[in-house]
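data_2.pdb follows; it contains PDB, C-alpha atoms.
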```pdb
MODEL        1
ATOM      1  CA  ALA A  21      23.118 -42.237  19.963  1.00  0.00           C
ATOM      2  CA  ARG A  22      19.635 -42.575  18.518  1.00  0.00           C
ATOM      3  CA  ALA A  23      18.086 -41.187  21.692  1.00  0.00           C
ATOM      4  CA  GLY A  24      20.467 -38.234  21.537  1.00  0.00           C
ATOM      5  CA  ILE A  25      19.491 -37.465  17.949  1.00  0.00           C
ATOM      6  CA  ASP A  26      15.779 -37.667  18.785  1.00  0.00           C
ATOM      7  CA  HIS A  27      16.291 -35.352  21.747  1.00  0.00           C
ATOM      8  CA  PHE A  28      18.161 -32.856  19.554  1.00  0.00           C
ATOM      9  CA  ARG A  29      15.380 -32.889  16.933  1.00  0.00           C
ATOM     10  CA  ALA A  30      12.686 -32.419  19.568  1.00  0.00           C
ATOM     11  CA  THR A  31      14.582 -29.508  21.122  1.00  0.00           C
ATOM     12  CA  ARG A  32      15.107 -27.870  17.733  1.00  0.00           C
ATOM     13  CA  ALA A  33      11.399 -28.266  16.881  1.00  0.00           C
ATOM     14  CA  ASN A  34      10.403 -26.651  20.191  1.00  0.00           C
ATOM     15  CA  LEU A  35      12.805 -23.748  19.619  1.00  0.00           C
ATOM     16  CA  THR A  36      11.511 -23.276  16.080  1.00  0.00           C
ATOM     17  CA  MET A  37       7.919 -23.241  17.324  1.00  0.00           C
ATOM     18  CA  SER A  38       8.832 -20.738  20.040  1.00  0.00           C
ATOM     19  CA  ALA A  39      10.516 -18.485  17.485  1.00  0.00           C
ATOM     20  CA  ARG A  40       7.440 -18.643  15.280  1.00  0.00           C
ATOM     21  CA  ARG A  41       5.199 -17.722  18.188  1.00  0.00           C
ATOM     22  CA  VAL A  42       7.396 -14.746  19.059  1.00  0.00           C
ATOM     23  CA  ALA A  43       7.439 -13.616  15.427  1.00  0.00           C
ATOM     24  CA  THR A  44       3.669 -13.977  15.162  1.00  0.00           C
ATOM     25  CA  ALA A  45       3.106 -12.046  18.367  1.00  0.00           C
ATOM     26  CA  TYR A  46       5.465  -9.296  17.220  1.00  0.00           C
ATOM     27  CA  ALA A  47       3.761  -9.015  13.830  1.00  0.00           C
ATOM     28  CA  THR A  48       0.360  -8.836  15.518  1.00  0.00           C
ATOM     29  CA  LEU A  49       1.635  -6.079  17.790  1.00  0.00           C
ATOM     30  CA  LEU A  50       2.967  -4.039  14.875  1.00  0.00           C
ATOM     31  CA  LEU A  51       0.101  -4.518  12.468  1.00  0.00           C
ATOM     32  CA  CYS A  52      -2.994  -4.635  14.621  1.00  0.00           C
ATOM     33  CA  ARG A  53      -2.542  -2.545  17.740  1.00  0.00           C
ATOM     34  CA  PRO A  54      -3.289   1.169  17.494  1.00  0.00           C
ATOM     35  CA  ALA A  55      -0.370   3.551  17.836  1.00  0.00           C
ATOM     36  CA  ALA A  56      -1.774   4.845  21.119  1.00  0.00           C
ATOM     37  CA  ALA A  57      -1.299   1.392  22.630  1.00  0.00           C
ATOM     38  CA  LEU A  58       2.322   1.291  21.486  1.00  0.00           C
ATOM     39  CA  SER A  59       3.387   4.517  23.155  1.00  0.00           C
ATOM     40  CA  ALA A  60       2.840   5.844  26.629  1.00  0.00           C
ATOM     41  CA  ARG A  61       3.704   9.364  25.496  1.00  0.00           C
ATOM     42  CA  ALA A  62       0.986  11.977  25.394  1.00  0.00           C
ATOM     43  CA  SER A  63      -0.226  13.318  22.072  1.00  0.00           C
ATOM     44  CA  PRO A  64       2.218  15.929  20.726  1.00  0.00           C
ATOM     45  CA  PRO A  65       1.271  19.606  21.266  1.00  0.00           C
ATOM     46  CA  TYR A  66      -0.224  21.873  18.630  1.00  0.00           C
ATOM     47  CA  VAL A  67       2.131  24.582  17.402  1.00  0.00           C
ATOM     48  CA  GLY A  68       2.282  27.074  14.569  1.00  0.00           C
ATOM     49  CA  ALA A  69       4.206  26.525  11.360  1.00  0.00           C
ATOM     50  CA  ARG A  70       6.565  29.388  12.266  1.00  0.00           C
ATOM     51  CA  GLU A  71       7.558  27.602  15.468  1.00  0.00           C
ATOM     52  CA  VAL A  72       8.447  24.470  13.507  1.00  0.00           C
ATOM     53  CA  ALA A  73      10.423  26.542  10.988  1.00  0.00           C
ATOM     54  CA  ALA A  74      12.310  28.305  13.796  1.00  0.00           C
ATOM     55  CA  HIS A  75      13.359  24.936  15.245  1.00  0.00           C
ATOM     56  CA  LEU A  76      14.603  23.730  11.856  1.00  0.00           C
ATOM     57  CA  TRP A  77      16.608  26.878  11.188  1.00  0.00           C
ATOM     58  CA  THR A  78      18.117  26.734  14.671  1.00  0.00           C
ATOM     59  CA  VAL A  79      19.142  23.069  14.537  1.00  0.00           C
ATOM     60  CA  ARG A  80      20.117  23.126  10.839  1.00  0.00           C
ATOM     61  CA  ASP A  81      20.989  19.394  10.775  1.00  0.00           C
ATOM     62  CA  LEU A  82      17.795  17.487   9.900  1.00  0.00           C
ATOM     63  CA  PHE A  83      19.144  14.340  11.548  1.00  0.00           C
ATOM     64  CA  GLU A  84      19.302  16.178  14.888  1.00  0.00           C
ATOM     65  CA  THR A  85      15.785  17.663  14.819  1.00  0.00           C
ATOM     66  CA  SER A  86      13.974  16.722  18.015  1.00  0.00           C
ATOM     67  CA  ILE A  87      10.680  18.497  17.452  1.00  0.00           C
ATOM     68  CA  HIS A  88       7.461  16.490  17.738  1.00  0.00           C
ATOM     69  CA  ALA A  89       4.400  18.657  17.258  1.00  0.00           C
ATOM     70  CA  VAL A  90       1.212  18.998  15.245  1.00  0.00           C
ATOM     71  CA  VAL A  91       0.496  21.840  12.826  1.00  0.00           C
ATOM     72  CA  ARG A  92      -3.099  22.562  11.827  1.00  0.00           C
ATOM     73  CA  CYS A  93      -3.348  23.154   8.066  1.00  0.00           C
ATOM     74  CA  ASN A  94      -6.296  24.878   6.366  1.00  0.00           C
ATOM     75  CA  GLU A  95      -8.167  24.917   9.673  1.00  0.00           C
ATOM     76  CA  ASP A  96     -10.539  27.554   8.304  1.00  0.00           C
ATOM     77  CA  ARG A  97     -12.061  24.835   6.098  1.00  0.00           C
ATOM     78  CA  GLY A  98     -13.710  22.895   8.890  1.00  0.00           C
ATOM     79  CA  PRO A  99     -12.823  20.059  11.253  1.00  0.00           C
ATOM     80  CA  SER A 100      -9.783  18.013  10.332  1.00  0.00           C
ATOM     81  CA  LYS A 101     -10.331  14.388   9.329  1.00  0.00           C
ATOM     82  CA  TYR A 102      -6.736  13.525   8.493  1.00  0.00           C
ATOM     83  CA  ARG A 103      -3.490  13.573  10.460  1.00  0.00           C
ATOM     84  CA  LEU A 104      -0.379  12.874   8.438  1.00  0.00           C
ATOM     85  CA  ALA A 105       2.780  12.092  10.401  1.00  0.00           C
ATOM     86  CA  TYR A 106       6.102  12.670   8.721  1.00  0.00           C
ATOM     87  CA  MET A 107       9.562  14.116   9.203  1.00  0.00           C
ATOM     88  CA  PRO A 108      10.272  17.818   8.551  1.00  0.00           C
ATOM     89  CA  CYS A 109      11.083  17.433   4.851  1.00  0.00           C
ATOM     90  CA  ARG A 110       9.263  16.860   1.534  1.00  0.00           C
ATOM     91  CA  ASN A 111      10.468  13.467   0.341  1.00  0.00           C
ATOM     92  CA  ARG A 112       7.911  10.667   0.935  1.00  0.00           C
ATOM     93  CA  GLY A 113       5.368  13.106   2.349  1.00  0.00           C
ATOM     94  CA  GLU A 114       5.369  15.592  -0.524  1.00  0.00           C
ATOM     95  CA  ILE A 115       2.754  14.056  -2.808  1.00  0.00           C
ATOM     96  CA  LEU A 116       0.512  13.276   0.180  1.00  0.00           C
ATOM     97  CA  ARG A 117       0.452  16.908   1.306  1.00  0.00           C
ATOM     98  CA  LEU A 118      -0.037  18.114  -2.273  1.00  0.00           C
ATOM     99  CA  MET A 119      -3.097  15.858  -2.554  1.00  0.00           C
ATOM    100  CA  LEU A 120      -4.569  17.220   0.669  1.00  0.00           C
ATOM    101  CA  GLU A 121      -3.929  20.776  -0.496  1.00  0.00           C
ATOM    102  CA  GLU A 122      -5.382  20.084  -3.948  1.00  0.00           C
ATOM    103  CA  ALA A 123      -8.536  18.685  -2.351  1.00  0.00           C
ATOM    104  CA  GLY A 124      -8.853  21.834  -0.245  1.00  0.00           C
ATOM    105  CA  VAL A 125      -9.469  20.016   3.031  1.00  0.00           C
ATOM    106  CA  SER A 126      -8.277  20.803   6.511  1.00  0.00           C
ATOM    107  CA  TYR A 127      -5.717  18.376   7.910  1.00  0.00           C
ATOM    108  CA  GLU A 128      -3.110  18.044  10.608  1.00  0.00           C
ATOM    109  CA  LEU A 129       0.596  17.582   9.959  1.00  0.00           C
ATOM    110  CA  GLU A 130       2.368  15.726  12.746  1.00  0.00           C
ATOM    111  CA  VAL A 131       5.992  16.787  12.433  1.00  0.00           C
ATOM    112  CA  ILE A 132       8.398  14.198  13.834  1.00  0.00           C
ATOM    113  CA  GLY A 133      12.056  15.214  13.947  1.00  0.00           C
ATOM    114  CA  PHE A 134      14.646  12.640  12.974  1.00  0.00           C
ATOM    115  CA  LYS A 135      16.001  12.469  16.530  1.00  0.00           C
ATOM    116  CA  ALA A 136      12.502  12.166  18.001  1.00  0.00           C
ATOM    117  CA  HIS A 137      11.776   9.357  15.552  1.00  0.00           C
ATOM    118  CA  ARG A 138      14.901   7.451  16.549  1.00  0.00           C
ATOM    119  CA  GLU A 139      14.369   7.861  20.272  1.00  0.00           C
ATOM    120  CA  TYR A 140      10.677   7.000  20.661  1.00  0.00           C
ATOM    121  CA  ALA A 141       8.288   7.900  17.832  1.00  0.00           C
ATOM    122  CA  LYS A 142       9.416   4.989  15.670  1.00  0.00           C
ATOM    123  CA  ALA A 143       7.557   2.639  18.040  1.00  0.00           C
ATOM    124  CA  THR A 144       4.254   4.455  17.453  1.00  0.00           C
ATOM    125  CA  THR A 145       3.938   3.591  13.747  1.00  0.00           C
ATOM    126  CA  PRO A 146       3.255   0.332  11.902  1.00  0.00           C
ATOM    127  CA  HIS A 147       6.543  -1.183  10.693  1.00  0.00           C
ATOM    128  CA  GLY A 148       8.339   1.672  12.470  1.00  0.00           C
ATOM    129  CA  LYS A 149       8.145   3.753   9.292  1.00  0.00           C
ATOM    130  CA  LEU A 150       7.005   7.160   8.096  1.00  0.00           C
ATOM    131  CA  PRO A 151       4.889   8.608   6.566  1.00  0.00           C
ATOM    132  CA  CYS A 152       1.962   7.427   8.608  1.00  0.00           C
ATOM    133  CA  LEU A 153      -1.714   8.360   8.359  1.00  0.00           C
ATOM    134  CA  ARG A 154      -3.052   8.336  11.895  1.00  0.00           C
ATOM    135  CA  ASN A 155      -6.414   6.749  12.685  1.00  0.00           C
ATOM    136  CA  TYR A 156      -7.209   6.378   9.000  1.00  0.00           C
ATOM    137  CA  ASP A 157     -10.207   4.106   9.594  1.00  0.00           C
ATOM    138  CA  GLY A 158     -11.722   6.066  12.493  1.00  0.00           C
ATOM    139  CA  GLU A 159     -11.067   3.119  14.810  1.00  0.00           C
ATOM    140  CA  GLY A 160      -7.570   3.991  15.973  1.00  0.00           C
ATOM    141  CA  THR A 161      -5.627   2.141  13.292  1.00  0.00           C
ATOM    142  CA  ASP A 162      -2.695   3.818  11.580  1.00  0.00           C
ATOM    143  CA  LEU A 163      -1.871   3.344   7.877  1.00  0.00           C
ATOM    144  CA  ASN A 164       1.730   2.998   6.804  1.00  0.00           C
ATOM    145  CA  GLN A 165       3.633   2.908   3.473  1.00  0.00           C
ATOM    146  CA  GLU A 166       3.700   5.805   1.050  1.00  0.00           C
ATOM    147  CA  GLY A 167       1.939   4.013  -1.828  1.00  0.00           C
ATOM    148  CA  ALA A 168      -0.871   2.696   0.357  1.00  0.00           C
ATOM    149  CA  ILE A 169      -1.514   6.137   1.851  1.00  0.00           C
ATOM    150  CA  THR A 170      -1.422   7.766  -1.594  1.00  0.00           C
ATOM    151  CA  ARG A 171      -4.046   5.414  -3.024  1.00  0.00           C
ATOM    152  CA  PHE A 172      -6.223   5.616   0.091  1.00  0.00           C
ATOM    153  CA  LEU A 173      -6.239   9.422   0.029  1.00  0.00           C
ATOM    154  CA  ALA A 174      -6.889   9.423  -3.715  1.00  0.00           C
ATOM    155  CA  ASP A 175     -10.064   7.426  -3.094  1.00  0.00           C
ATOM    156  CA  GLU A 176     -11.059   9.494  -0.062  1.00  0.00           C
ATOM    157  CA  LEU A 177     -10.484  12.858  -1.730  1.00  0.00           C
ATOM    158  CA  GLY A 178     -12.042  12.020  -5.096  1.00  0.00           C
ATOM    159  CA  LEU A 179      -8.715  12.136  -6.937  1.00  0.00           C
ATOM    160  CA  ALA A 180      -8.474   8.491  -7.981  1.00  0.00           C
ATOM    161  CA  GLY A 181     -10.598   8.782 -11.130  1.00  0.00           C
ATOM    162  CA  ARG A 182     -14.282   8.542 -12.009  1.00  0.00           C
ATOM    163  CA  ASP A 183     -14.147   5.175 -13.791  1.00  0.00           C
ATOM    164  CA  ALA A 184     -11.767   2.289 -14.416  1.00  0.00           C
ATOM    165  CA  ALA A 185     -10.073   3.980 -17.388  1.00  0.00           C
ATOM    166  CA  GLU A 186      -9.496   7.232 -15.538  1.00  0.00           C
ATOM    167  CA  ARG A 187      -8.255   5.403 -12.457  1.00  0.00           C
ATOM    168  CA  ALA A 188      -5.742   3.550 -14.619  1.00  0.00           C
ATOM    169  CA  ALA A 189      -4.513   6.834 -16.142  1.00  0.00           C
ATOM    170  CA  VAL A 190      -4.110   8.391 -12.688  1.00  0.00           C
ATOM    171  CA  ASP A 191      -2.266   5.325 -11.429  1.00  0.00           C
ATOM    172  CA  GLN A 192      -0.030   5.426 -14.500  1.00  0.00           C
ATOM    173  CA  ALA A 193       0.968   9.014 -13.677  1.00  0.00           C
ATOM    174  CA  TYR A 194       1.686   8.002 -10.087  1.00  0.00           C
ATOM    175  CA  CYS A 195       3.828   5.050 -11.188  1.00  0.00           C
ATOM    176  CA  LEU A 196       5.793   7.323 -13.535  1.00  0.00           C
ATOM    177  CA  TRP A 197       6.370   9.809 -10.718  1.00  0.00           C
ATOM    178  CA  MET A 198       7.541   6.985  -8.437  1.00  0.00           C
ATOM    179  CA  ALA A 199       9.932   5.708 -11.099  1.00  0.00           C
ATOM    180  CA  THR A 200      11.492   9.126 -11.797  1.00  0.00           C
ATOM    181  CA  PHE A 201      11.401  11.777  -9.066  1.00  0.00           C
ATOM    182  CA  ARG A 202      11.143   9.098  -6.383  1.00  0.00           C
ATOM    183  CA  ASN A 203      13.779   6.759  -7.832  1.00  0.00           C
ATOM    184  CA  GLN A 204      11.565   3.687  -7.416  1.00  0.00           C
ATOM    185  CA  GLY A 205      11.098   4.604  -3.753  1.00  0.00           C
ATOM    186  CA  VAL A 206      14.750   5.410  -3.005  1.00  0.00           C
ATOM    187  CA  SER A 207      14.505   8.706  -1.174  1.00  0.00           C
ATOM    188  CA  HIS A 208      17.674  10.671  -1.617  1.00  0.00           C
ATOM    189  CA  ASP A 209      19.664   9.315  -4.525  1.00  0.00           C
ATOM    190  CA  GLY A 210      19.116   7.052  -7.510  1.00  0.00           C
ATOM    191  CA  PRO A 211      19.577   6.551 -11.240  1.00  0.00           C
ATOM    192  CA  GLU A 212      16.744   8.890 -12.238  1.00  0.00           C
ATOM    193  CA  TYR A 213      17.297  11.780  -9.826  1.00  0.00           C
ATOM    194  CA  SER A 214      20.522  12.155  -7.884  1.00  0.00           C
ATOM    195  CA  ILE A 215      21.211  14.936  -5.393  1.00  0.00           C
ATOM    196  CA  ALA A 216      24.764  13.644  -4.977  1.00  0.00           C
ATOM    197  CA  ALA A 217      25.386  13.955  -8.726  1.00  0.00           C
ATOM    198  CA  LEU A 218      24.069  17.525  -8.706  1.00  0.00           C
ATOM    199  CA  LYS A 219      26.427  18.432  -5.853  1.00  0.00           C
ATOM    200  CA  GLU A 220      29.382  17.015  -7.780  1.00  0.00           C
ATOM    201  CA  LEU A 221      28.724  19.520 -10.578  1.00  0.00           C
ATOM    202  CA  GLY A 222      29.694  22.334  -8.242  1.00  0.00           C
ATOM    203  CA  ASP A 223      29.559  25.686 -10.031  1.00  0.00           C
ATOM    204  CA  ASP A 224      29.010  24.004 -13.386  1.00  0.00           C
ATOM    205  CA  VAL A 225      25.292  23.451 -12.779  1.00  0.00           C
ATOM    206  CA  PRO A 226      23.382  24.488 -15.918  1.00  0.00           C
ATOM    207  CA  ALA A 227      20.787  27.237 -15.645  1.00  0.00           C
ATOM    208  CA  THR A 228      17.481  25.861 -14.396  1.00  0.00           C
ATOM    209  CA  PRO A 229      14.157  27.494 -13.481  1.00  0.00           C
ATOM    210  CA  PRO A 230      13.420  28.101  -9.775  1.00  0.00           C
ATOM    211  CA  TYR A 231      11.893  25.146  -7.951  1.00  0.00           C
ATOM    212  CA  ALA A 232       8.654  27.053  -7.311  1.00  0.00           C
ATOM    213  CA  THR A 233       8.044  27.362 -11.055  1.00  0.00           C
ATOM    214  CA  VAL A 234       8.552  23.668 -11.805  1.00  0.00           C
ATOM    215  CA  PHE A 235       5.307  21.716 -11.969  1.00  0.00           C
ATOM    216  CA  ARG A 236       5.333  18.703  -9.652  1.00  0.00           C
ATOM    217  CA  LEU A 237       2.648  16.009  -9.621  1.00  0.00           C
TER
ENDMDL
END
```
For the structure just supplied, provide its representation as structure tokens.
Amino acid sequence: ARAGIDHFRATRANLTMSARRVATAYATLLLCRPAAALSARASPPYVGAREVAAHLWTVRDLFETSIHAVVRCNEDRGPSKYRLAYMPCRNRGEILRLMLEEAGVSYELEVIGFKAHREYAKATTPHGKLPCLRNYDGEGTDLNQEGAITRFLADELGLAGRDAAERAAVDQAYCLWMATFRNQGVSHDGPEYSIAALKELGDDVPATPPYATVFRL
């Protein structure tokens, strides 16, 4: 009986070690390898913004969008240093694009449809998430997570603040935005801003100014 127990413990220890090795290897693959190494697909083609819009209006259902293409933004302002990958909606990518526009730099927007993301593009990003800032370090590494990208771009674009006090004030504004319009990172519905609650109002929605006239951080 004792020998059986020892054998069981040894087997369990070996299985646990194997699981740890697999987990470590998987984490290394996700975090360290460039996106190009994770996908055999060629780089998506360059298209115009109108072509992307036409696809969206044709498909209608965002969850069925299959487009995967790159749109050059502000290309008259010189070579592009940044490529931001995100789905064809504002959401987590809105503040990132607003920062790039505010800084007046050229950049590339890699539009990844929801269907394209599910089928293959998910494997080309760290953690399998979007938004993603491609090759952010110039060495082929992609940067993931909305907050990390926001703070990195703030530093890169000179929007983070000129000293410690100003940086804290800027970060405070960002945290407030995250806690309200972004519902603590919940994309579509939450206690601070709920699309579902607005839909339930039906025709009883109070008069509000057009979206274009509302100042957004």
Of A:Gly222, A:Gly98, A:Pro151, A:Gly133, the one nearest to Glu114 of chain A when counting only C-alpha atoms is A:Pro151
Which neighbours of Leu118 of chain A fall inside 12 Å, counting all atoms listed in the file, when residues of the same chain fewer than 5 positions from it are skipped, and could you give them as a ChimeraX atom specification? /A:93,104,110-113,123-125,127,170,173-174,177,179,235-237
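Of the residues listed (A:Leu82, A:Val72, A:Cys195, A:Ala217), A:Leu82 shows the shortest atom-to-atom separation from Cys109 of chain A; distances use all atoms listed in the file.
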Between atom CA of Leu120 of chain A and atom CA of Phe201 of chain A lies a distance of 19.5 Å
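By chain and then residue number, the residues within 7 Å of Gly181 of chain A are Glu186, Arg187 and Val190 of chain A, counting all atoms listed in the file and disregarding those fewer than 4 positions away in sequence.
Here the PyMOL selection byres ((chain A and resi 136-143) around 7) matches the residues A:Leu58, A:Ser59, A:Ser86, A:Ile87, A:His88, A:Ile132, A:Gly133, A:Phe134, A:Lys135, A:Thr144, A:Thr145, A:Gly148, A:Lys149.
The shell of residues at most 6 Å from segment 100-103 of chain A, with only C-alpha atoms counted and near chain neighbours (fewer than 4 positions) removed, consists of Ser126, Tyr127, Glu128, Leu129, Leu153 and Arg154 of chain A.
Using all atoms listed in the file, the nearest neighbour of Pro65 of chain A within the list A:Pro99, A:Ala189, A:Glu130, A:Arg80 is A:Glu130.
Across the model, the gap from atom CA of Glu166 of chain A to atom CA of Cys152 of chain A is 7.9 Å.
You can rank A:Gly160, A:Val131, A:Ala69, A:Thr78 by their closest distance to Val90 of chain A using all atoms listed in the file, and at the top of that list sits A:Val131.
Considering the residues A:Glu220, A:Met107, A:Tyr156, A:Ile115 and counting only C-alpha atoms, Arg202 of chain A has its shortest atom-to-atom contact with A:Ile115.
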If I take atom CA of Gly167 of chain A and atom CA of Met198 of chain A, how far is one from the other in Å, to one decimal? 9.2 Å
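Between Thr85 of chain A and the candidates A:Arg182, A:Pro108, A:Pro64, A:Arg70, the tightest atom-to-atom separation, counting all atoms listed in the file, involves A:Pro108.
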